[in-house]
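J.: Quick one: the structure is below, questions incoming.
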Amino acid sequence: MNTRTIVIIPTYNEAENISRIIDLIVLKNNNINVLVVDDNSPDGTSSLVNQKEESFPNRVFLIKRFEKRGLGTAYIEGFKWALKEKYDFIISMDADFSHNPVELPKMIKYLNNGEDVVIGSRYLDGVSVVNWPIGRIFLSYIAQIYVRLITNMPIKDPTSGFVAYSAKCIDSLNLDSFRFIGYAFQIEMKYKIWKKKFKLKEHQIIFMNREFGESKLDKKIILEAVYGVLRLRLDSLLKRL
């Protein structure tokens, strides 16, 4: 089966990582293209992507936005672009090497075998996180439990950002109705797809803490996730009334 796959990578100040991650994806996977959605990074990330566009014509693409608008809106813009370009599989992925490109063919294989969504999971079989401080691991692990308790989703890593989607899943969603722009966006995506009865599969990965650049996680993003989960569940309950 000849399927077309695009990896969407949102960026803000990822100049130390973006060229290497693009090379690893494109050079090792002839059937996978890359779309970078950059929020006008002051460190020149988009210029490096422009160079890769020239090196890999029709394999690497860039959407350059003119302000920092958040992870969720970057993915939504990327999803709309991918649907317009008729890609079969659409994968969300970070630029900082926390998500290993070696897992991409394995995740795509699941989609080819009939799964609708494949989640790169840090918590499917214990905890597979490397170089995170113990406090960060504890916070993340508790967050997964909290999300599962509130939403009832049978997913051990609902906040994962390494996710492979069939295009039909994303096309079934009203992308303009999403309310969250931070990490809560990842939960909202999975929750809305799960509520539509699509098949979600978790795939064990090893999550590596970034070596270069700075984490984008802050208190505002954490609070959005905490209250966002409650809002998702409340909205779902209200629809039943």
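Numbering starts fresh at 1 for the residues of each chain in the structure tokens, the chains themselves are lettered A, B, ... in the order given, and ligands are numbered from 1 as they appear.
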With a distance cut-off of 6 Å and only C-alpha atoms, select the neighbouring residues of stretch 84-98 of chain A, excluding the residue or stretch itself and same-chain residues fewer than 4 positions from it, and output the selection as a ChimeraX atom specification.
T.: /A:3-9,17-18,162-167,207-210
J.: Which residues in stretch 178-207 of chain A does DSSP call helix (DSSP H, G or I)? List them as number ranges by chain.
T.: A: 184-195
J.: Have a look at A:Gly161, A:Gly114, A:Pro101, A:Gly126 and name the one nearest to A:Phe198; count only C-alpha atoms.
T.: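 Answer, going by the shortest atom-to-atom distance: A:Gly114.
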J.: In Å, how far is it from atom CA of A:Asn33 to atom CA of A:Asn131?
T.: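 Separation between atom CA of A:Asn33 and atom CA of A:Asn131: 29.1 Å.
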J.: Can you pull out every residue within 8 Å of stretch 139-153 of chain A, counting only C-alpha atoms, but drop anything in the same chain fewer than 2 positions away, and send it as a list in words?
T.: Tyr123, Gly135, Arg136, Ile137, Ile155, Lys156, Asp157, Pro158, Thr159, Tyr191, Trp194, Val229, Leu230, Leu232 and Arg233 of chain A
J.: Leaving out A:Phe66 and any residue of its chain fewer than 5 positions from it, which residues lie within 9 Å of it when counting only C-alpha atoms, given as number ranges by chain?
T.: A: 38-41
J.: I'd like to know which residues of stretch 2-174 of chain A are strand (DSSP E or B) (by DSSP, run on the backbone); could you write them as number ranges by chain?
T.: A: 5-11, 32-38, 60-64, 89-92, 117-121, 129-130, 163-166
J.: Store the residues picked out above in a file with C-alpha atoms, as a compact mmCIF listing (two decimals), in the first residue's frame.
T.:
```txt
# COMPACT_ATOMS: atom_id res chain seq x y z
CA THR A 5 2.94 10.32 5.61
CA ILE A 6 3.80 13.75 7.00
CA VAL A 7 5.48 14.48 10.33
CA ILE A 8 4.41 17.83 11.79
CA ILE A 9 6.95 19.52 14.06
CA PRO A 10 5.98 22.77 15.83
CA THR A 11 8.99 24.90 16.71
CA ILE A 32 7.93 10.27 5.18
CA ASN A 33 7.92 14.03 4.66
CA VAL A 34 8.30 16.80 7.24
CA LEU A 35 6.28 19.96 7.87
CA VAL A 36 7.71 22.46 10.35
CA VAL A 37 5.37 25.06 11.82
CA ASP A 38 7.57 27.79 13.28
CA VAL A 60 10.47 19.28 3.70
CA PHE A 61 7.99 22.13 4.09
CA LEU A 62 7.70 25.22 6.31
CA ILE A 63 4.83 27.25 7.64
CA LYS A 64 6.30 30.38 9.21
CA PHE A 89 -1.08 9.53 7.90
CA ILE A 90 -0.23 12.58 10.01
CA ILE A 91 2.24 12.40 12.90
CA SER A 92 2.81 14.94 15.67
CA VAL A 117 -4.32 6.40 16.24
CA VAL A 118 -0.96 5.25 17.61
CA ILE A 119 0.32 6.92 20.77
CA GLY A 120 4.02 6.86 21.63
CA SER A 121 3.65 5.97 25.31
CA VAL A 129 11.80 8.22 30.69
CA VAL A 130 15.52 9.05 30.57
CA VAL A 163 1.13 10.52 18.05
CA ALA A 164 0.41 9.01 14.62
CA TYR A 165 -3.06 9.67 13.23
CA SER A 166 -4.92 8.37 10.22
```
J.: Need the shell around A:Leu173: protein/DNA/RNA residues with any atom at most 9 Å away, counting only C-alpha atoms. Skip same-chain ones fewer than 3 positions apart. Format as a VMD selection string?
T.: chain A and resid 168 to 170 176 to 177 189 192 to 193
J.: Those selected residues, please, written with N, CA, C and O atoms and delivered as a compact mmCIF listing (two decimals), in the first residue's frame.
T.:
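Contents of selection_4.txt, freshly written:
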```txt
# COMPACT_ATOMS: atom_id res chain seq x y z
N LYS A 168 -8.28 10.24 8.37
CA LYS A 168 -9.73 10.24 8.56
C LYS A 168 -10.11 10.65 9.99
O LYS A 168 -11.18 11.24 10.20
N CYS A 169 -9.26 10.32 10.97
CA CYS A 169 -9.53 10.74 12.35
C CYS A 169 -9.52 12.25 12.48
O CYS A 169 -10.44 12.84 13.04
N ILE A 170 -8.47 12.85 11.96
CA ILE A 170 -8.34 14.30 12.06
C ILE A 170 -9.42 15.00 11.25
O ILE A 170 -10.00 16.00 11.67
N ASP A 176 -11.60 23.85 14.23
CA ASP A 176 -11.79 25.23 14.68
C ASP A 176 -12.47 25.31 16.04
O ASP A 176 -12.57 26.40 16.62
N SER A 177 -12.91 24.17 16.56
CA SER A 177 -13.61 24.19 17.85
C SER A 177 -12.69 23.90 19.03
O SER A 177 -13.13 23.95 20.18
N MET A 189 -7.17 16.32 21.80
CA MET A 189 -7.15 15.54 20.56
C MET A 189 -7.55 14.10 20.83
O MET A 189 -8.44 13.54 20.17
N LYS A 192 -11.33 13.68 22.06
CA LYS A 192 -12.36 13.85 21.04
C LYS A 192 -12.36 12.69 20.05
O LYS A 192 -13.43 12.24 19.59
N ILE A 193 -11.19 12.17 19.73
CA ILE A 193 -11.11 11.02 18.82
C ILE A 193 -11.65 9.78 19.50
O ILE A 193 -12.37 8.97 18.90
```
J.: Which is closer to A:His99 than all the others in A:Ser160, A:Arg65, A:Phe180, A:Glu14, using only C-alpha atoms?
T.: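 Using only C-alpha atoms, the shortest distance to A:His99 belongs to A:Ser160.
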J.: Considering only C-alpha atoms, can you say which of A:Leu200, A:Ile181, A:Leu175, A:Leu234 comes closest to A:Pro154?
T.: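 Of the candidates, the smallest distance to A:Pro154 is held by A:Leu200.
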J.: May I have the residues within 10 Å of A:Pro105 as a PyMOL selection string, using only C-alpha atoms and disregarding those fewer than 6 positions away in the same chain?
T.: chain A and resi 28-29+31-32+111
J.: Separation of atom CA of A:Arg179 and atom CA of A:Ile76, in Å?
T.: 11.2 Å
